[in-house]
file final06.pdb (PDB, C-alpha atoms, pLDDT in the B column)
ATOM      1  CA  GLY A   1     144.857 182.790 162.012  1.00 80.00           C
ATOM      2  CA  LEU A   2     145.848 179.400 163.282  1.00 86.00           C
ATOM      3  CA  TRP A   3     144.484 177.532 160.242  1.00 84.00           C
ATOM      4  CA  ARG A   4     146.966 179.360 158.055  1.00 86.00           C
ATOM      5  CA  GLY A   5     149.996 178.876 160.294  1.00 91.00           C
ATOM      6  CA  TRP A   6     151.728 176.610 157.783  1.00 91.00           C
ATOM      7  CA  ASP A   7     152.041 176.989 154.013  1.00 91.00           C
ATOM      8  CA  ALA A   8     150.756 173.925 152.166  1.00 88.00           C
ATOM      9  CA  ASP A   9     154.292 172.677 151.496  1.00 91.00           C
ATOM     10  CA  ALA A  10     155.875 173.707 154.820  1.00 92.00           C
ATOM     11  CA  LEU A  11     156.112 170.275 156.424  1.00 90.00           C
ATOM     12  CA  LEU A  12     159.015 168.355 154.898  1.00 92.00           C
ATOM     13  CA  PHE A  13     159.259 165.220 157.063  1.00 90.00           C
ATOM     14  CA  ASP A  14     162.888 164.917 155.885  1.00 92.00           C
ATOM     15  CA  GLN A  15     164.454 162.400 158.291  1.00 92.00           C
ATOM     16  CA  ARG A  16     167.770 162.136 156.422  1.00 94.00           C
ATOM     17  CA  GLY A  17     168.280 165.891 156.285  1.00 94.00           C
ATOM     18  CA  GLY A  18     166.948 166.362 159.810  1.00 94.00           C
ATOM     19  CA  ARG A  19     164.362 168.911 158.697  1.00 94.00           C
ATOM     20  CA  PHE A  20     160.798 168.515 159.849  1.00 91.00           C
ATOM     21  CA  PHE A  21     159.611 171.826 158.381  1.00 92.00           C
ATOM     22  CA  ASP A  22     160.777 174.837 156.410  1.00 95.00           C
ATOM     23  CA  PRO A  23     160.871 177.772 158.868  1.00 94.00           C
ATOM     24  CA  GLU A  24     160.251 180.245 156.022  1.00 96.00           C
ATOM     25  CA  LYS A  25     156.856 178.627 155.501  1.00 94.00           C
ATOM     26  CA  MET A  26     155.720 178.826 159.129  1.00 93.00           C
ATOM     27  CA  HIS A  27     153.682 181.851 160.216  1.00 93.00           C
ATOM     28  CA  LEU A  28     153.212 182.908 163.829  1.00 94.00           C
ATOM     29  CA  LEU A  29     149.890 184.333 164.893  1.00 93.00           C
ATOM     30  CA  ASP A  30     151.051 185.989 168.134  1.00 94.00           C
ATOM     31  CA  HIS A  31     147.483 186.721 169.241  1.00 94.00           C
ATOM     32  CA  LYS A  32     147.113 188.455 172.598  1.00 96.00           C
ATOM     33  CA  GLY A  33     143.525 189.034 173.626  1.00 95.00           C
ATOM     34  CA  GLU A  34     141.414 189.622 176.688  1.00 96.00           C
ATOM     35  CA  PHE A  35     140.630 185.934 177.210  1.00 96.00           C
ATOM     36  CA  PHE A  36     143.601 184.070 175.755  1.00 94.00           C
ATOM     37  CA  SER A  37     146.928 184.418 174.020  1.00 95.00           C
ATOM     38  CA  VAL A  38     148.407 182.066 171.459  1.00 95.00           C
ATOM     39  CA  ARG A  39     151.684 182.186 169.598  1.00 94.00           C
ATOM     40  CA  GLY A  40     150.815 179.626 166.937  1.00 91.00           C
ATOM     41  CA  PRO A  41     151.017 177.871 164.620  1.00 92.00           C
ATOM     42  CA  LEU A  42     148.883 174.792 165.276  1.00 90.00           C
ATOM     43  CA  ASN A  43     150.881 171.691 166.122  1.00 86.00           C
ATOM     44  CA  VAL A  44     149.276 169.673 163.319  1.00 84.00           C
ATOM     45  CA  ALA A  45     149.594 169.720 159.553  1.00 81.00           C
ATOM     46  CA  ARG A  46     147.016 171.492 157.431  1.00 81.00           C
ATOM     47  CA  SER A  47     143.994 169.410 156.586  1.00 80.00           C
ATOM     48  CA  PRO A  48     143.528 168.206 152.990  1.00 78.00           C
ATOM     49  CA  GLN A  49     140.690 170.678 152.411  1.00 78.00           C
ATOM     50  CA  ASP A  50     142.802 173.481 153.959  1.00 81.00           C
ATOM     51  CA  MET A  51     140.057 174.963 156.155  1.00 83.00           C
ATOM     52  CA  PRO A  52     137.409 173.238 158.310  1.00 86.00           C
ATOM     53  CA  VAL A  53     134.113 172.654 156.549  1.00 89.00           C
ATOM     54  CA  LEU A  54     131.551 175.130 157.908  1.00 92.00           C
ATOM     55  CA  VAL A  55     128.016 173.734 158.128  1.00 94.00           C
ATOM     56  CA  MET A  56     124.995 175.917 158.947  1.00 91.00           C
ATOM     57  CA  SER A  57     121.518 174.713 159.873  1.00 86.00           C
ATOM     58  CA  GLY A  58     118.343 176.141 161.340  1.00 71.00           C
ATOM     59  CA  LEU A  59     118.443 179.181 159.079  1.00 75.00           C
ATOM     60  CA  SER A  60     116.540 182.277 160.056  1.00 76.00           C
ATOM     61  CA  GLU A  61     116.639 185.644 158.303  1.00 75.00           C
ATOM     62  CA  PRO A  62     119.523 186.988 160.456  1.00 78.00           C
ATOM     63  CA  ASP A  63     121.540 183.855 159.605  1.00 82.00           C
ATOM     64  CA  MET A  64     121.329 184.426 155.860  1.00 82.00           C
ATOM     65  CA  GLU A  65     124.185 186.923 155.598  1.00 85.00           C
ATOM     66  CA  ILE A  66     126.682 184.921 157.648  1.00 88.00           C
ATOM     67  CA  THR A  67     125.625 181.758 155.823  1.00 87.00           C
ATOM     68  CA  ALA A  68     126.072 183.402 152.427  1.00 87.00           C
ATOM     69  CA  ARG A  69     129.502 184.695 153.390  1.00 89.00           C
ATOM     70  CA  PHE A  70     131.014 181.658 155.073  1.00 90.00           C
ATOM     71  CA  ALA A  71     129.047 178.385 154.913  1.00 91.00           C
ATOM     72  CA  ASP A  72     130.311 175.467 152.844  1.00 91.00           C
ATOM     73  CA  VAL A  73     127.235 173.324 153.538  1.00 92.00           C
ATOM     74  CA  ILE A  74     123.706 174.433 154.415  1.00 90.00           C
ATOM     75  CA  LEU A  75     121.291 171.961 155.989  1.00 90.00           C
ATOM     76  CA  LEU A  76     117.648 172.740 155.251  1.00 86.00           C
ATOM     77  CA  ASP A  77     114.796 171.045 157.037  1.00 81.00           C
ATOM     78  CA  GLU A  78     112.208 169.215 155.001  1.00 66.00           C
ATOM     79  CA  PRO A  79     110.416 171.075 153.542  1.00 59.00           C
ATOM     80  CA  SER A  80     112.663 174.141 153.347  1.00 50.00           C
ATOM     81  CA  ILE A  81     112.123 176.219 156.453  1.00 47.00           C
ATOM     82  CA  ALA A  82     110.979 179.818 156.364  1.00 46.00           C
ATOM     83  CA  GLY A  83     110.751 179.595 152.590  1.00 53.00           C
ATOM     84  CA  ALA A  84     114.533 179.313 152.241  1.00 60.00           C
ATOM     85  CA  LYS A  85     115.249 178.037 148.748  1.00 71.00           C
ATOM     86  CA  PRO A  86     118.619 176.723 147.565  1.00 76.00           C
ATOM     87  CA  ASP A  87     118.683 179.135 144.603  1.00 77.00           C
ATOM     88  CA  ASP A  88     118.050 182.093 146.939  1.00 80.00           C
ATOM     89  CA  LEU A  89     120.845 180.952 149.238  1.00 80.00           C
ATOM     90  CA  LYS A  90     123.238 180.643 146.302  1.00 80.00           C
ATOM     91  CA  ARG A  91     122.258 184.114 145.034  1.00 84.00           C
ATOM     92  CA  HIS A  92     123.095 185.502 148.483  1.00 85.00           C
ATOM     93  CA  ALA A  93     126.517 183.822 148.249  1.00 87.00           C
ATOM     94  CA  LEU A  94     127.076 185.378 144.821  1.00 89.00           C
ATOM     95  CA  ALA A  95     126.220 188.815 146.251  1.00 90.00           C
ATOM     96  CA  PHE A  96     129.136 188.386 148.668  1.00 90.00           C
ATOM     97  CA  GLY A  97     131.561 187.486 145.895  1.00 92.00           C
ATOM     98  CA  ARG A  98     131.384 183.719 146.298  1.00 91.00           C
ATOM     99  CA  SER A  99     130.766 181.237 143.540  1.00 88.00           C
ATOM    100  CA  PRO A 100     127.212 179.855 143.806  1.00 79.00           C
ATOM    101  CA  GLY A 101     128.725 176.370 143.561  1.00 83.00           C
ATOM    102  CA  ALA A 102     130.890 176.997 146.633  1.00 85.00           C
ATOM    103  CA  THR A 103     127.924 176.318 148.897  1.00 88.00           C
ATOM    104  CA  LYS A 104     126.173 172.940 148.905  1.00 90.00           C
ATOM    105  CA  VAL A 105     122.567 172.776 150.076  1.00 89.00           C
ATOM    106  CA  LEU A 106     121.483 169.498 151.671  1.00 91.00           C
ATOM    107  CA  MET A 107     117.873 168.732 152.557  1.00 89.00           C
ATOM    108  CA  THR A 108     117.500 166.981 155.906  1.00 87.00           C
ATOM    109  CA  VAL A 109     115.075 164.081 155.650  1.00 85.00           C
ATOM    110  CA  ALA A 110     113.915 162.173 158.738  1.00 83.00           C
ATOM    111  CA  PRO A 111     111.912 159.197 157.477  1.00 79.00           C
ATOM    112  CA  GLY A 112     110.939 157.927 160.929  1.00 77.00           C
ATOM    113  CA  ALA A 113     111.043 154.400 162.302  1.00 69.00           C
ATOM    114  CA  ASP A 114     108.193 153.140 160.140  1.00 70.00           C
ATOM    115  CA  MET A 115     110.018 154.111 156.946  1.00 72.00           C
ATOM    116  CA  ALA A 116     113.576 153.292 158.056  1.00 69.00           C
ATOM    117  CA  ALA A 117     113.099 149.619 157.253  1.00 72.00           C
ATOM    118  CA  ARG A 118     111.713 150.457 153.812  1.00 82.00           C
ATOM    119  CA  PRO A 119     114.420 151.878 151.521  1.00 83.00           C
ATOM    120  CA  ASP A 120     111.883 152.043 148.675  1.00 86.00           C
ATOM    121  CA  LEU A 121     109.735 154.503 150.674  1.00 83.00           C
ATOM    122  CA  ILE A 122     112.770 156.635 151.481  1.00 83.00           C
ATOM    123  CA  ALA A 123     113.717 156.650 147.788  1.00 86.00           C
ATOM    124  CA  ASP A 124     110.172 157.735 146.890  1.00 86.00           C
ATOM    125  CA  ARG A 125     110.425 160.629 149.352  1.00 82.00           C
ATOM    126  CA  LEU A 126     113.746 161.761 147.841  1.00 87.00           C
ATOM    127  CA  GLU A 127     112.689 161.466 144.215  1.00 88.00           C
ATOM    128  CA  GLU A 128     110.849 164.800 143.809  1.00 84.00           C
ATOM    129  CA  PRO A 129     113.559 167.000 145.389  1.00 83.00           C
ATOM    130  CA  PHE A 130     116.187 165.078 143.411  1.00 85.00           C
ATOM    131  CA  ARG A 131     114.406 165.435 140.065  1.00 88.00           C
ATOM    132  CA  SER A 132     113.548 169.110 140.644  1.00 83.00           C
ATOM    133  CA  LYS A 133     117.150 169.841 141.693  1.00 82.00           C
ATOM    134  CA  SER A 134     115.810 171.710 144.719  1.00 80.00           C
ATOM    135  CA  CYS A 135     118.921 170.715 146.688  1.00 86.00           C
ATOM    136  CA  ASP A 136     122.450 169.432 146.061  1.00 90.00           C
ATOM    137  CA  GLY A 137     122.012 166.317 148.180  1.00 91.00           C
ATOM    138  CA  PHE A 138     120.451 164.869 151.292  1.00 91.00           C
ATOM    139  CA  ASN A 139     121.194 164.526 154.994  1.00 90.00           C
ATOM    140  CA  ILE A 140     119.199 161.426 155.930  1.00 86.00           C
ATOM    141  CA  LEU A 141     118.458 160.918 159.623  1.00 84.00           C
ATOM    142  CA  ILE A 142     117.596 157.330 160.448  1.00 75.00           C
TER     143      ILE A 142
END
call {"tool": "encode", "arguments": {"input": "final06.pdb", "output": "structure tokens"}}
result
Amino acid sequence: GLWRGWDADALLFDQRGGRFFDPEKMHLLDHKGEFFSVRGPLNVARSPQDMPVLVMSGLSEPDMEITARFADVILLDEPSIAGAKPDDLKRHALAFGRSPGATKVLMTVAPGADMAARPDLIADRLEEPFRSKSCDGFNILI
């Protein structure tokens, strides 16, 4: 919809030629719904990554399908909640035609106040998941 209102090369910013955009590369949405209507496109350029990054957390079984289909980043609690494993999540993504590498799994680690002042303790806590490759990275809450 609105995220695809402009082709990647639609905005010209051509001051000399007096052309801000190429009208052939602008796409109207013309959505008319029960709660709102919008002509489109957005009044901003496309973002560098093209679409917003979709992050999912607090996974439960019903969330697995939508996560596998759409999520770019999955936040798992420490240890992985409900037995959710990064490899399982990536297999779900593959089942929906997505590359397993398209989804990044981050383990959320909350060291607590007593550990926050001790980077060596935080590093120790991250070492096992890092070495076992049980996640793609970490979301550290301090």
call {"tool": "residues_around", "arguments": {"input": "final06.pdb", "residues": "region 69-76 of chain A", "least_positions_apart": "5", "cutoff": "9 Å", "atoms": "only C-alpha atoms", "output": "PDB file with C-alpha atoms, keeping the file's coordinate frame"}}
result
ATOM      1  CA  VAL A  53     134.113 172.654 156.549  1.00 89.00           C
ATOM      2  CA  LEU A  54     131.551 175.130 157.908  1.00 92.00           C
ATOM      3  CA  VAL A  55     128.016 173.734 158.128  1.00 94.00           C
ATOM      4  CA  MET A  56     124.995 175.917 158.947  1.00 91.00           C
ATOM      5  CA  SER A  57     121.518 174.713 159.873  1.00 86.00           C
ATOM      6  CA  GLY A  58     118.343 176.141 161.340  1.00 71.00           C
ATOM      7  CA  LEU A  59     118.443 179.181 159.079  1.00 75.00           C
ATOM      8  CA  MET A  64     121.329 184.426 155.860  1.00 82.00           C
ATOM      9  CA  ILE A  81     112.123 176.219 156.453  1.00 47.00           C
ATOM     10  CA  ALA A  84     114.533 179.313 152.241  1.00 60.00           C
ATOM     11  CA  LYS A  85     115.249 178.037 148.748  1.00 71.00           C
ATOM     12  CA  PRO A  86     118.619 176.723 147.565  1.00 76.00           C
ATOM     13  CA  LEU A  89     120.845 180.952 149.238  1.00 80.00           C
ATOM     14  CA  HIS A  92     123.095 185.502 148.483  1.00 85.00           C
ATOM     15  CA  ALA A  93     126.517 183.822 148.249  1.00 87.00           C
ATOM     16  CA  LEU A  94     127.076 185.378 144.821  1.00 89.00           C
ATOM     17  CA  ALA A  95     126.220 188.815 146.251  1.00 90.00           C
ATOM     18  CA  PHE A  96     129.136 188.386 148.668  1.00 90.00           C
ATOM     19  CA  GLY A  97     131.561 187.486 145.895  1.00 92.00           C
ATOM     20  CA  ARG A  98     131.384 183.719 146.298  1.00 91.00           C
ATOM     21  CA  ALA A 102     130.890 176.997 146.633  1.00 85.00           C
ATOM     22  CA  THR A 103     127.924 176.318 148.897  1.00 88.00           C
ATOM     23  CA  LYS A 104     126.173 172.940 148.905  1.00 90.00           C
ATOM     24  CA  VAL A 105     122.567 172.776 150.076  1.00 89.00           C
ATOM     25  CA  LEU A 106     121.483 169.498 151.671  1.00 91.00           C
ATOM     26  CA  MET A 107     117.873 168.732 152.557  1.00 89.00           C
ATOM     27  CA  THR A 108     117.500 166.981 155.906  1.00 87.00           C
ATOM     28  CA  CYS A 135     118.921 170.715 146.688  1.00 86.00           C
ATOM     29  CA  PHE A 138     120.451 164.869 151.292  1.00 91.00           C
ATOM     30  CA  ASN A 139     121.194 164.526 154.994  1.00 90.00           C
TER      31      ASN A 139
END
call {"tool": "closest_residue", "arguments": {"input": "final06.pdb", "among": "A:Arg131, A:Leu121, A:Asp136, A:Val44", "to": "Gly101 (chain A)", "atoms": "all atoms listed in the file"}}
result
A:Asp136
call {"tool": "atom_distance", "arguments": {"input": "final06.pdb", "atom1": "CA of Asp50 (chain A)", "atom2": "CA of His27 (chain A)"}}
result
15.1 Å
call {"tool": "axis_aligned_box", "arguments": {"input": "final06.pdb", "around": "region 103-110 of chain A", "padding_each_side": "8 Å", "output": "AutoDock Vina command-line options"}}
result
--center_x 120.9 --center_y 169.2 --center_z 153.8 --size_x 30.0 --size_y 30.1 --size_z 25.8
call {"tool": "resolve_selection", "arguments": {"input": "final06.pdb", "expression": "the PyMOL selection byres ((chain A and resi 36-41) around 9)", "output": "PyMOL selection string"}}
result
chain A and resi 1-6+26-35+42-44
call {"tool": "build_atoms", "arguments": {"input": "final06.pdb", "residues": "region 129-141 of chain A", "atoms": "N, CA and C atoms", "output": "JSON list (two decimals), keeping the file's coordinate frame"}}
result
[["chain", "number", "residue", "atom", "x", "y", "z"],
["A", 129, "PRO", "N", 112.50, 166.00, 145.23],
["A", 129, "PRO", "CA", 113.56, 167.00, 145.39],
["A", 129, "PRO", "C", 114.77, 166.71, 144.49],
["A", 130, "PHE", "N", 115.06, 165.44, 144.28],
["A", 130, "PHE", "CA", 116.19, 165.08, 143.41],
["A", 130, "PHE", "C", 115.90, 165.49, 141.97],
["A", 131, "ARG", "N", 114.74, 165.13, 141.46],
["A", 131, "ARG", "CA", 114.41, 165.44, 140.06],
["A", 131, "ARG", "C", 114.25, 166.94, 139.82],
["A", 132, "SER", "N", 113.74, 167.66, 140.81],
["A", 132, "SER", "CA", 113.55, 169.11, 140.64],
["A", 132, "SER", "C", 114.82, 169.90, 140.92],
["A", 133, "LYS", "N", 115.86, 169.20, 141.37],
["A", 133, "LYS", "CA", 117.15, 169.84, 141.69],
["A", 133, "LYS", "C", 116.97, 170.95, 142.73],
["A", 134, "SER", "N", 116.07, 170.71, 143.69],
["A", 134, "SER", "CA", 115.81, 171.71, 144.72],
["A", 134, "SER", "C", 116.84, 171.67, 145.84],
["A", 135, "CYS", "N", 117.81, 170.76, 145.74],
["A", 135, "CYS", "CA", 118.92, 170.72, 146.69],
["A", 135, "CYS", "C", 120.08, 169.99, 146.01],
["A", 136, "ASP", "N", 121.26, 170.09, 146.62],
["A", 136, "ASP", "CA", 122.45, 169.43, 146.06],
["A", 136, "ASP", "C", 122.61, 168.00, 146.55],
["A", 137, "GLY", "N", 121.90, 167.65, 147.61],
["A", 137, "GLY", "CA", 122.01, 166.32, 148.18],
["A", 137, "GLY", "C", 121.13, 166.21, 149.41],
["A", 138, "PHE", "N", 121.33, 165.14, 150.16],
["A", 138, "PHE", "CA", 120.45, 164.87, 151.29],
["A", 138, "PHE", "C", 121.25, 164.53, 152.54],
["A", 139, "ASN", "N", 120.70, 164.90, 153.68],
["A", 139, "ASN", "CA", 121.19, 164.53, 154.99],
["A", 139, "ASN", "C", 120.08, 163.66, 155.59],
["A", 140, "ILE", "N", 120.27, 162.34, 155.53],
["A", 140, "ILE", "CA", 119.20, 161.43, 155.93],
["A", 140, "ILE", "C", 119.40, 161.00, 157.37],
["A", 141, "LEU", "N", 118.42, 161.30, 158.21],
["A", 141, "LEU", "CA", 118.46, 160.92, 159.62],
["A", 141, "LEU", "C", 117.64, 159.65, 159.81]]
